[in-house]
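Colleague: This one is structure-v1.cif, mmCIF, C-alpha atoms and all ligand atoms.
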data_entry
loop_
_atom_site.label_atom_id
_atom_site.label_comp_id
_atom_site.auth_asym_id
_atom_site.auth_seq_id
_atom_site.Cartn_x
_atom_site.Cartn_y
_atom_site.Cartn_z
CA VAL A 1239 119.46 62.29 107.85
CA LYS A 1240 116.78 62.36 105.17
CA ILE A 1241 115.13 65.71 104.46
CA ALA A 1242 111.95 65.93 102.37
CA VAL A 1243 111.13 69.23 100.66
CA LEU A 1244 107.46 69.70 99.83
CA LYS A 1245 105.98 71.54 96.88
CA GLU A 1246 103.60 74.19 98.19
CA THR A 1247 99.95 73.62 97.36
CA ARG A 1248 98.10 76.58 98.87
CA ALA A 1249 96.68 79.36 96.71
CA ASN A 1250 99.08 82.27 96.05
CA GLU A 1251 102.06 80.43 97.53
CA ARG A 1252 105.05 80.73 95.22
CA ARG A 1253 107.79 80.17 97.76
CA VAL A 1254 109.77 76.97 98.37
CA ALA A 1255 111.62 75.90 101.52
CA MET A 1256 114.84 74.89 99.73
CA VAL A 1257 117.29 76.63 97.43
CA PRO A 1258 120.40 75.13 95.82
CA ALA A 1259 122.91 76.89 98.10
CA VAL A 1260 121.15 75.60 101.21
CA ALA A 1261 120.84 72.08 99.78
CA ASP A 1262 124.65 72.07 99.30
CA LYS A 1263 125.23 73.17 102.89
CA LEU A 1264 122.83 70.52 104.23
CA ALA A 1265 124.71 67.86 102.26
CA LYS A 1266 127.85 68.94 104.12
CA LEU A 1267 125.99 68.40 107.42
CA GLY A 1268 125.37 64.81 106.32
CA CYS A 1269 121.83 65.26 105.00
CA GLU A 1270 120.24 63.68 101.93
CA ILE A 1271 117.69 65.90 100.19
CA HIS A 1272 114.58 64.44 98.59
CA MET A 1273 112.45 67.04 96.87
CA GLN A 1274 108.99 66.95 95.41
CA ALA A 1275 109.41 67.43 91.66
CA GLY A 1276 108.89 71.03 90.54
CA ALA A 1277 108.87 72.38 94.11
CA GLY A 1278 111.00 75.40 93.14
CA ILE A 1279 109.36 76.26 89.83
CA ALA A 1280 107.15 79.06 91.17
CA SER A 1281 110.30 80.61 92.71
CA ARG A 1282 112.10 80.33 89.34
CA ILE A 1283 114.28 77.44 90.56
CA PRO A 1284 114.09 74.43 88.24
CA ASP A 1285 114.87 70.96 89.65
CA GLU A 1286 118.08 70.88 87.57
CA ALA A 1287 119.48 73.81 89.58
CA PHE A 1288 119.88 71.44 92.53
CA LYS A 1289 122.89 69.13 92.57
CA LYS A 1290 122.84 65.72 94.27
CA ILE A 1291 119.19 65.62 95.21
CA THR A 1292 116.53 63.10 94.24
CA THR A 1293 113.05 64.12 93.22
CA ALA A 1294 109.72 62.33 93.44
CA ALA A 1295 106.25 63.31 92.38
CA ASN A 1296 104.24 61.95 95.27
CA PRO A 1297 104.45 63.88 98.58
CA GLN A 1298 103.20 60.97 100.72
CA GLY A 1299 105.92 58.66 99.42
CA LEU A 1300 108.48 61.44 99.85
CA VAL A 1301 107.74 62.05 103.53
CA SER A 1302 107.16 58.42 104.54
CA ASP A 1303 110.83 57.74 105.25
CA ALA A 1304 111.98 61.33 105.91
CA ASP A 1305 113.50 62.34 109.24
CA ILE A 1306 112.85 66.03 108.58
CA VAL A 1307 110.13 67.57 106.39
CA VAL A 1308 110.44 71.22 105.34
CA SER A 1309 107.84 73.51 103.78
CA VAL A 1310 106.66 77.11 103.91
CA GLN A 1311 102.95 76.57 104.59
CA PRO A 1312 101.92 73.66 106.80
CA PRO A 1313 101.48 70.38 104.89
CA ALA A 1314 98.05 68.98 104.12
CA ALA A 1315 96.59 66.40 106.54
CA ASP A 1316 97.17 63.48 104.15
CA VAL A 1317 100.87 64.37 104.00
CA VAL A 1318 101.13 64.62 107.80
CA ASN A 1319 99.39 61.25 108.02
CA ALA A 1320 102.11 59.75 105.83
CA MET A 1321 104.94 61.12 108.01
CA LYS A 1322 106.96 58.84 110.30
CA GLU A 1323 106.20 58.97 114.01
CA GLY A 1324 108.91 61.03 115.71
CA SER A 1325 109.96 62.83 112.53
CA ILE A 1326 110.46 66.60 112.48
CA LEU A 1327 108.45 69.21 110.60
CA LEU A 1328 109.74 72.73 109.95
CA SER A 1329 107.15 75.15 108.55
CA PHE A 1330 104.87 78.03 109.44
CA VAL A 1331 101.79 76.60 111.17
CA TYR A 1332 99.85 79.33 113.05
CA ALA A 1333 98.11 76.81 115.32
CA HIS A 1334 95.13 79.06 116.12
CA LYS A 1335 94.25 79.00 112.40
CA GLU A 1336 95.01 75.26 112.09
CA PRO A 1337 93.51 73.55 115.15
CA GLU A 1338 92.80 70.21 113.43
CA LEU A 1339 96.20 69.99 111.80
CA THR A 1340 97.90 70.89 115.09
CA LYS A 1341 96.05 68.06 116.85
CA LEU A 1342 97.06 65.68 114.05
CA LEU A 1343 100.73 66.70 114.42
CA ARG A 1344 100.38 66.09 118.17
CA ASP A 1345 98.72 62.69 117.74
CA LYS A 1346 101.19 61.53 115.08
CA LYS A 1347 103.96 62.41 117.60
CA ILE A 1348 105.61 64.72 115.08
CA THR A 1349 108.14 67.20 116.45
CA THR A 1350 106.94 70.47 114.89
CA LEU A 1351 109.24 73.46 114.94
CA ALA A 1352 106.86 76.24 113.90
CA MET A 1353 108.66 79.09 112.16
CA GLU A 1354 106.31 81.70 113.67
CA LEU A 1355 107.33 80.58 117.17
CA VAL A 1356 111.10 81.12 116.73
CA PRO A 1357 111.88 83.55 119.57
CA ARG A 1358 112.70 87.15 118.65
CA ILE A 1359 116.01 87.14 120.51
CA THR A 1360 119.41 88.24 119.26
CA ARG A 1361 120.81 84.71 118.95
CA ALA A 1362 117.86 83.59 116.84
CA GLN A 1363 117.95 86.46 114.33
CA ALA A 1364 119.41 84.25 111.60
CA MET A 1365 116.54 81.79 112.08
CA ASP A 1366 113.79 84.41 112.22
CA ALA A 1367 111.62 83.87 109.14
CA LEU A 1368 108.92 86.24 110.39
CA SER A 1369 111.47 89.04 110.13
CA SER A 1370 113.03 88.04 106.82
CA GLN A 1371 109.62 87.77 105.17
CA ALA A 1372 108.25 90.94 106.77
CA ALA A 1373 111.23 92.93 105.53
CA LEU A 1374 110.44 91.86 101.95
CA ALA A 1375 106.75 92.72 102.41
CA GLY A 1376 107.53 96.22 103.64
CA TYR A 1377 109.76 96.92 100.65
CA TYR A 1378 107.13 95.64 98.24
CA GLY A 1379 104.37 97.63 99.94
CA ALA A 1380 106.22 100.93 99.54
CA LEU A 1381 106.87 100.31 95.84
CA LEU A 1382 103.33 99.08 95.21
CA GLY A 1383 102.05 102.27 96.82
CA ALA A 1384 104.35 104.46 94.76
CA THR A 1385 103.29 102.86 91.48
CA SER A 1386 99.59 102.95 92.39
CA ILE A 1387 99.18 106.72 92.41
CA ALA A 1388 99.34 109.25 89.61
CA ARG A 1389 102.17 111.23 91.21
CA MET A 1390 105.96 111.04 91.54
CA MET A 1391 107.53 110.62 94.97
CA PRO A 1392 110.86 112.53 94.88
CA MET A 1393 111.14 116.27 94.80
CA THR A 1394 112.22 116.87 91.21
CA THR A 1395 113.15 119.97 89.32
CA PHE A 1396 111.93 120.36 85.74
CA ALA A 1397 112.43 123.17 83.23
CA THR A 1398 108.94 124.30 84.18
CA GLY A 1399 109.65 124.28 87.92
CA SER A 1400 109.80 121.82 90.78
CA ILE A 1401 107.33 119.26 92.06
CA ARG A 1402 107.03 118.69 95.76
CA PRO A 1403 107.86 115.28 97.28
CA GLY A 1404 105.04 112.86 98.01
CA THR A 1405 104.07 111.97 101.56
CA ILE A 1406 104.05 108.38 102.76
CA LEU A 1407 102.64 107.49 106.16
CA VAL A 1408 103.61 104.12 107.64
CA MET A 1409 101.31 102.88 110.40
CA GLY A 1410 102.67 100.05 112.55
CA VAL A 1411 106.45 100.19 112.52
CA GLY A 1412 107.75 96.70 113.28
CA VAL A 1413 110.02 94.87 110.86
CA ALA A 1414 107.74 95.38 107.82
CA GLY A 1415 107.06 99.02 108.69
CA LEU A 1416 110.76 99.85 109.07
CA SER A 1417 111.47 98.24 105.71
CA ALA A 1418 108.62 100.24 104.13
CA ILE A 1419 110.04 103.44 105.64
CA ALA A 1420 113.55 102.71 104.37
CA THR A 1421 112.20 102.02 100.87
CA ALA A 1422 109.96 105.09 100.90
CA ARG A 1423 112.96 107.23 101.89
CA ARG A 1424 115.04 105.75 99.05
CA ILE A 1425 112.48 106.84 96.50
CA GLY A 1426 112.59 110.34 97.89
CA ALA A 1427 109.26 110.59 99.71
CA LYS A 1428 108.61 112.59 102.84
CA VAL A 1429 107.95 109.82 105.33
CA GLU A 1430 106.09 109.66 108.62
CA GLY A 1431 105.79 106.68 110.96
CA TYR A 1432 103.43 105.89 113.80
CA ASP A 1433 103.31 103.02 116.28
CA VAL A 1434 101.99 102.36 119.77
CA ARG A 1435 105.41 101.25 121.05
CA PRO A 1436 107.34 104.43 121.96
CA GLU A 1437 110.76 102.80 121.45
CA VAL A 1438 110.01 102.87 117.72
CA LYS A 1439 110.54 106.67 117.62
CA GLU A 1440 114.31 106.39 117.54
CA GLN A 1441 114.22 103.71 114.80
CA VAL A 1442 111.90 105.83 112.64
CA GLU A 1443 114.10 108.90 113.07
CA SER A 1444 117.28 106.98 112.31
CA LEU A 1445 115.82 106.26 108.86
CA GLY A 1446 115.22 109.95 108.22
CA ALA A 1447 111.47 109.83 108.81
CA LYS A 1448 109.30 111.73 111.27
CA PHE A 1449 107.70 109.91 114.21
CA ILE A 1450 104.11 110.85 115.02
CA ASP A 1451 103.90 110.87 118.78
CA THR A 1452 100.40 110.16 120.07
CA GLY A 1453 101.41 109.85 123.71
CA VAL A 1454 99.98 106.32 123.86
CA ASP A 1455 102.19 103.51 125.15
CA ALA A 1456 100.71 100.09 124.36
CA ARG A 1457 103.78 97.94 124.78
CA GLY A 1458 102.70 94.34 125.38
CA GLU A 1459 104.67 91.19 126.05
CA GLY A 1460 107.88 90.18 124.29
CA GLY A 1461 108.33 93.41 122.32
CA TYR A 1462 104.88 93.20 120.71
CA ALA A 1463 101.91 95.58 121.04
CA ARG A 1464 98.74 94.92 123.04
CA GLU A 1465 95.17 95.81 122.12
CA LEU A 1466 94.09 99.40 122.78
CA THR A 1467 91.33 100.69 125.04
CA GLN A 1468 88.64 102.93 123.51
CA GLU A 1469 90.12 105.89 125.36
CA GLU A 1470 93.53 105.23 123.80
CA LYS A 1471 91.99 104.85 120.35
CA ASP A 1472 90.30 108.24 120.69
CA LYS A 1473 93.54 109.85 121.86
CA ILE A 1474 95.38 108.42 118.84
CA ALA A 1475 92.68 109.46 116.35
CA ALA A 1476 92.88 113.04 117.63
CA VAL A 1477 96.56 113.18 116.60
CA VAL A 1478 96.75 110.83 113.62
CA THR A 1479 93.69 111.87 111.58
CA LYS A 1480 95.29 114.95 110.07
CA HIS A 1481 98.35 112.91 109.03
CA ILE A 1482 96.08 110.31 107.38
CA GLN A 1483 94.35 113.07 105.48
CA ALA A 1484 97.59 114.68 104.31
CA ALA A 1485 99.18 111.45 103.01
CA ASP A 1486 99.47 110.43 99.37
CA ILE A 1487 100.22 106.83 100.35
CA ILE A 1488 99.55 105.01 103.61
CA ILE A 1489 101.19 101.68 104.33
CA THR A 1490 99.75 99.74 107.25
CA THR A 1491 101.43 96.74 108.90
CA ALA A 1492 99.99 96.62 112.42
CA ALA A 1493 99.56 93.26 114.13
CA ILE A 1494 98.95 91.86 117.59
CA PRO A 1495 100.09 88.24 118.06
CA GLY A 1496 97.24 85.73 117.97
CA ARG A 1497 94.59 88.45 117.46
CA PRO A 1498 92.84 89.87 114.38
CA SER A 1499 94.63 92.94 112.95
CA PRO A 1500 93.74 96.14 114.81
CA LYS A 1501 91.70 98.65 112.77
CA LEU A 1502 93.87 101.75 112.54
CA ILE A 1503 91.92 103.62 109.85
CA SER A 1504 88.16 104.14 110.16
CA LYS A 1505 85.76 104.65 107.28
CA ALA A 1506 85.33 108.29 108.32
CA GLN A 1507 89.10 108.82 108.16
CA VAL A 1508 89.24 107.33 104.64
CA ASP A 1509 86.38 109.57 103.57
CA GLY A 1510 88.53 112.57 104.54
CA MET A 1511 91.60 111.46 102.58
CA LYS A 1512 93.09 113.25 99.56
CA ASN A 1513 91.72 112.47 96.10
CA GLY A 1514 93.90 109.86 94.43
CA ALA A 1515 95.48 108.67 97.68
CA VAL A 1516 96.13 104.96 98.24
CA ILE A 1517 96.28 102.70 101.26
CA ILE A 1518 98.43 99.58 100.95
CA ASP A 1519 97.24 97.31 103.72
CA LEU A 1520 99.99 94.80 104.46
CA ALA A 1521 97.99 93.35 107.36
CA ALA A 1522 95.44 91.74 105.02
CA ASP A 1523 96.43 88.19 106.06
CA GLY A 1524 95.19 89.01 109.57
CA GLY A 1525 92.03 90.80 108.36
CA GLY A 1526 93.53 94.21 107.59
CA ASN A 1527 94.10 97.55 109.33
CA CYS A 1528 91.43 99.64 107.58
CA GLU A 1529 87.68 99.33 108.05
CA TYR A 1530 87.24 99.32 104.26
CA THR A 1531 89.83 96.58 103.64
CA GLN A 1532 88.76 93.50 101.69
CA PRO A 1533 91.66 91.04 102.10
CA GLY A 1534 93.09 90.04 98.74
CA GLN A 1535 91.35 92.84 96.88
CA SER A 1536 91.81 96.41 95.77
CA VAL A 1537 88.72 98.48 96.52
CA GLN A 1538 87.87 102.00 95.47
CA VAL A 1539 86.09 104.26 97.94
CA GLY A 1540 85.36 107.58 96.29
CA GLN A 1541 88.77 108.74 95.04
CA VAL A 1542 90.75 106.59 97.47
CA THR A 1543 92.09 103.08 96.75
CA ILE A 1544 92.53 100.49 99.49
CA ASN A 1545 94.69 97.66 98.21
CA ALA A 1546 95.20 94.66 100.50
CA PRO A 1547 97.32 91.98 98.81
CA LEU A 1548 97.61 88.58 100.53
CA ASN A 1549 100.88 86.76 101.17
CA VAL A 1550 103.07 89.60 99.95
CA PRO A 1551 106.44 87.87 100.62
CA SER A 1552 105.38 85.25 98.08
CA LEU A 1553 105.28 87.96 95.40
CA LEU A 1554 109.05 88.24 95.86
CA ALA A 1555 109.36 84.45 95.83
CA GLU A 1556 112.97 84.19 94.66
CA HIS A 1557 114.40 86.20 97.52
CA ALA A 1558 111.71 85.12 99.98
CA SER A 1559 112.59 81.46 99.36
CA GLU A 1560 116.31 82.13 99.62
CA LEU A 1561 115.96 83.91 102.97
CA TYR A 1562 113.42 81.41 104.31
CA ALA A 1563 115.58 78.41 103.38
CA LYS A 1564 118.57 80.04 105.09
CA ASN A 1565 116.48 80.70 108.21
CA GLN A 1566 115.52 77.02 108.29
CA TYR A 1567 119.10 75.89 107.67
CA ASN A 1568 120.26 77.85 110.71
CA LEU A 1569 117.64 76.04 112.82
CA ILE A 1570 118.53 72.62 111.41
CA GLU A 1571 122.19 73.27 112.14
CA LEU A 1572 121.27 73.41 115.85
CA PHE A 1573 120.17 69.78 115.92
CA VAL A 1574 121.88 67.94 113.08
CA LYS A 1575 125.49 67.06 113.81
CA ASP A 1576 127.69 64.56 111.97
CA GLY A 1577 124.76 63.10 110.09
CA ALA A 1578 122.62 62.51 113.20
CA ILE A 1579 119.69 64.28 114.85
CA ASN A 1580 120.02 65.33 118.46
CA ILE A 1581 117.63 67.98 119.77
CA ASP A 1582 118.86 69.72 122.91
CA TRP A 1583 115.64 70.84 124.57
CA THR A 1584 117.55 73.03 127.01
CA ASP A 1585 118.32 75.27 124.01
CA GLU A 1586 115.88 78.18 124.33
CA VAL A 1587 115.55 78.61 120.56
CA LEU A 1588 114.50 75.00 119.99
CA ALA A 1589 112.33 74.77 123.11
CA LYS A 1590 110.39 77.93 122.25
CA SER A 1591 110.01 77.00 118.58
CA ALA A 1592 108.42 73.65 119.44
CA LEU A 1593 104.73 73.50 118.68
CA THR A 1594 104.31 69.73 119.12
CA HIS A 1595 106.63 67.01 120.45
CA GLY A 1596 106.18 63.51 121.88
CA GLY A 1597 102.39 63.58 121.60
CA GLU A 1598 101.94 66.97 123.29
CA ILE A 1599 101.32 70.55 122.26
CA LYS A 1600 104.30 72.32 123.75
CA ASN A 1601 103.36 75.96 123.20
CA GLU A 1602 100.95 77.20 125.89
CA ALA A 1603 99.11 79.79 123.77
CA ALA A 1604 98.64 77.25 120.97
CA LYS A 1605 97.45 74.63 123.46
CA LYS A 1606 94.81 77.02 124.76
CA ALA A 1607 93.67 77.91 121.25
CA VAL A 1608 93.52 74.31 120.04
CA GLU A 1609 92.56 71.94 122.90
P1 LIG A 1701 104.14 92.70 114.38
O1 LIG A 1701 104.12 92.19 112.99
O2 LIG A 1701 103.52 91.90 115.47
O3 LIG A 1701 103.42 94.14 114.41
C1 LIG A 1701 103.81 95.18 113.54
C2 LIG A 1701 103.76 96.48 114.28
O4 LIG A 1701 102.41 96.89 114.54
C3 LIG A 1701 104.44 96.47 115.65
O5 LIG A 1701 105.48 97.42 115.65
C4 LIG A 1701 103.32 96.84 116.61
O6 LIG A 1701 103.79 97.63 117.70
C5 LIG A 1701 102.41 97.63 115.71
N1 LIG A 1701 101.03 97.84 116.21
C6 LIG A 1701 100.19 96.97 116.80
N2 LIG A 1701 99.01 97.58 117.10
C7 LIG A 1701 99.11 98.85 116.66
C8 LIG A 1701 98.23 99.98 116.66
N3 LIG A 1701 97.00 99.90 117.18
N4 LIG A 1701 98.67 101.13 116.13
C9 LIG A 1701 99.91 101.21 115.60
N5 LIG A 1701 100.78 100.20 115.56
C10 LIG A 1701 100.40 99.04 116.09
O7 LIG A 1701 105.60 93.08 114.83
P2 LIG A 1701 107.01 92.61 114.26
O8 LIG A 1701 107.36 93.43 113.09
O9 LIG A 1701 106.98 91.14 114.10
O10 LIG A 1701 108.01 93.01 115.43
C11 LIG A 1701 107.60 93.11 116.76
C12 LIG A 1701 108.75 93.38 117.71
O11 LIG A 1701 109.72 92.36 117.69
C13 LIG A 1701 109.51 94.65 117.48
O12 LIG A 1701 109.78 95.20 118.75
C14 LIG A 1701 110.79 94.21 116.87
O13 LIG A 1701 111.85 95.13 117.07
C15 LIG A 1701 111.01 92.96 117.63
N6 LIG A 1701 111.92 92.07 116.95
C16 LIG A 1701 113.05 91.67 117.58
C17 LIG A 1701 113.92 90.81 116.95
C18 LIG A 1701 115.17 90.35 117.61
O14 LIG A 1701 115.62 90.94 118.56
N7 LIG A 1701 115.75 89.25 117.16
C19 LIG A 1701 113.64 90.34 115.69
C20 LIG A 1701 112.47 90.77 115.07
C21 LIG A 1701 111.61 91.63 115.71
#
Could you render the structure from this file as structure tokens?
Ligand code: NAD
Modeller:
Amino acid sequence: VKIAVLKETRANERRVAMVPAVADKLAKLGCEIHMQAGAGIASRIPDEAFKKITTAANPQGLVSDADIVVSVQPPAADVVNAMKEGSILLSFVYAHKEPELTKLLRDKKITTLAMELVPRITRAQAMDALSSQAALAGYYGALLGATSIARMMPMTTFATGSIRPGTILVMGVGVAGLSAIATARRIGAKVEGYDVRPEVKEQVESLGAKFIDTGVDARGEGGYARELTQEEKDKIAAVVTKHIQAADIIITTAAIPGRPSPKLISKAQVDGMKNGAVIIDLAADGGGNCEYTQPGQSVQVGQVTINAPLNVPSLLAEHASELYAKNQYNLIELFVKDGAINIDWTDEVLAKSALTHGGEIKNEAAKKAVE
């Protein structure tokens, strides 16, 4: 089984879909790894760190005889065009953002296992790249917040007296939010969390943070949130506004699958925030959670900073690549046995991860968005 590893070409993408430890394990499964030269450089992994792989400069040549192609971001159209009919692609795709590419993958009869479609079920946890990457983003967001303000976070006693702990509010407590809370607690902040899924309360409290209960339950399908009604938004604002205004740092991570990020913080709420406070908007890739957010930029509104970095996992590229490559290995292990590919479509993990196969778009939501 020939696996081609692509070098990422999109702006701000430092990750790579292969690390030496995973390449060794794939070799044991009977795979041959062909990597685009320099693919790991931005993740601090030189080509020489890989044993027993071959490298090539040209991505089209690399994929033309590959059975499996792996990458983080979806490949460019000219690379997909060079892929073999019936070969397998493993990468993030986000079909609603990539309608043309999705149609090309369909028409080239590529089997695409889209990393964002891996089901969030217990058995698939080791393959869940959304979670591994979100956990890194949450950690980074908390530290970025802490180093962006002119205050310390932990309660500390000095010869001149004590300083009070800083307050960090985390809005949207999924995987990234929980990781932000855990990190914020480790640096000694007083931490509050808020989400529209009530089951989050227990998780927030188990990390030693306080849950802000708004009385709104917006549980949607599959453990995700749904969009709010105006009435619910008003009910939430009545409770949350004073917490927004008391916070030194706010970290936002809220998302609704396939929709633009919900706006959790209005301009009026920002205008009432403390001088020197900072919002780290980790939802920038989906448009952001604050009305003032400019994705990819740090903006100053009065004395408040709203910083919305893009592709945050990529800023921790070494670990992000390691975790991502392991997630992909665990998927590959489901269908590569004794040096041969055999996809069992009755396996829920593989069936649900499939974006395209055999000339069709397999995922219903993607099909609706694209066709
Ligand atoms: P996500 O990235 O889609 O959203 C982040 C958070 O934003 C979610 O907690 C969501 O409820 C919240 N949110 C959305 N709109 C909001 C609003 N208006 N106000 C406040 N918060 C809002 O979510 P995610 O981190 O990918 O995780 C989603 C779910 O999947 C969670 O229930 C998580 O526990 C579950 N999950 C399960 C597994 C597993 O069992 N294998 C793995 C990962 C995640």
Colleague: What's around Asn1565 in chain A at 9 Å? Count only C-alpha atoms, leave out sequence neighbours fewer than 5 positions away in its own chain, and write the answer as a ChimeraX atom specification.
Modeller: /A:1353,1363-1367,1370,1560,1570
Colleague: What do you get as a ChimeraX atom specification if you pick all residues at most 8 Å from ligand LIG 1701 (chain A), counting only C-alpha atoms and all ligand atoms?
Modeller: /A:1357-1363,1366,1368-1369,1372,1409-1415,1432-1435,1438,1456-1457,1460-1466,1471,1491-1495,1499-1502
Colleague: Give me the residues near range 1339-1342 of chain A as a ChimeraX atom specification, where near means some atom within 12 Å (using all atoms listed in the file) and where sequence neighbours in that chain fewer than 2 positions away do not count.
Modeller: /A:1311-1321,1323,1327,1330-1337,1344-1352,1592-1595,1597-1601,1604-1609
Colleague: Report the distance between CA of Gly1453 in chain A and CA of Leu1374 in chain A in Å, rounded to one decimal place.
Modeller: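 Interatomic distance here is 29.6 Å.
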Colleague: List the spatial neighbours of Leu1548 in chain A as JSON, numbers by chain - criterion: any atom at most 8 Å away, all atoms listed in the file, same-chain residues fewer than 5 positions off excluded.
Modeller: {"A": [1250, 1520, 1522, 1523, 1533, 1534]}
Colleague: So, with all atoms listed in the file as the atoms that count, which of A:Leu1328, A:Ala1475, A:Ile1518, A:Ile1503 lies closest to Gly1376 in chain A?
Modeller: A:Ile1518
Colleague: Which of these residues is nearest to Lys1575 in chain A, using only C-alpha atoms: A:Lys1322, A:Lys1266, A:Arg1389, A:Lys1590?
Modeller: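 Ranking A:Lys1322, A:Lys1266, A:Arg1389, A:Lys1590 by distance to Lys1575 in chain A, first place goes to A:Lys1266.
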Colleague: Hey, which of A:Asp1509, A:Glu1470, A:Glu1586, A:Asp1576 ends up closest to Val1539 in chain A? Count all atoms listed in the file.
Modeller: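 Comparing A:Asp1509, A:Glu1470, A:Glu1586, A:Asp1576 against Val1539 in chain A, the winner is A:Asp1509.
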Colleague: Ranking A:Leu1343, A:Ala1295, A:Ile1489, A:Ala1506 by minimum distance to Ala1422 in chain A and counting only C-alpha atoms, which one comes first?
Modeller: A:Ile1489
Colleague: Ranking A:Met1393, A:Leu1267, A:Leu1407, A:Ile1241 by minimum distance to Asp1303 in chain A and counting all atoms listed in the file, which one comes first?
Modeller: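 Using all atoms listed in the file, the shortest distance to Asp1303 in chain A belongs to A:Ile1241.
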Colleague: Find the residue from A:Cys1528, A:Ala1485, A:Val1442, A:Ala1427 that sits nearest to Gly1514 in chain A; use all atoms listed in the file when measuring.
Modeller: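 Comparing A:Cys1528, A:Ala1485, A:Val1442, A:Ala1427 against Gly1514 in chain A, the winner is A:Ala1485.
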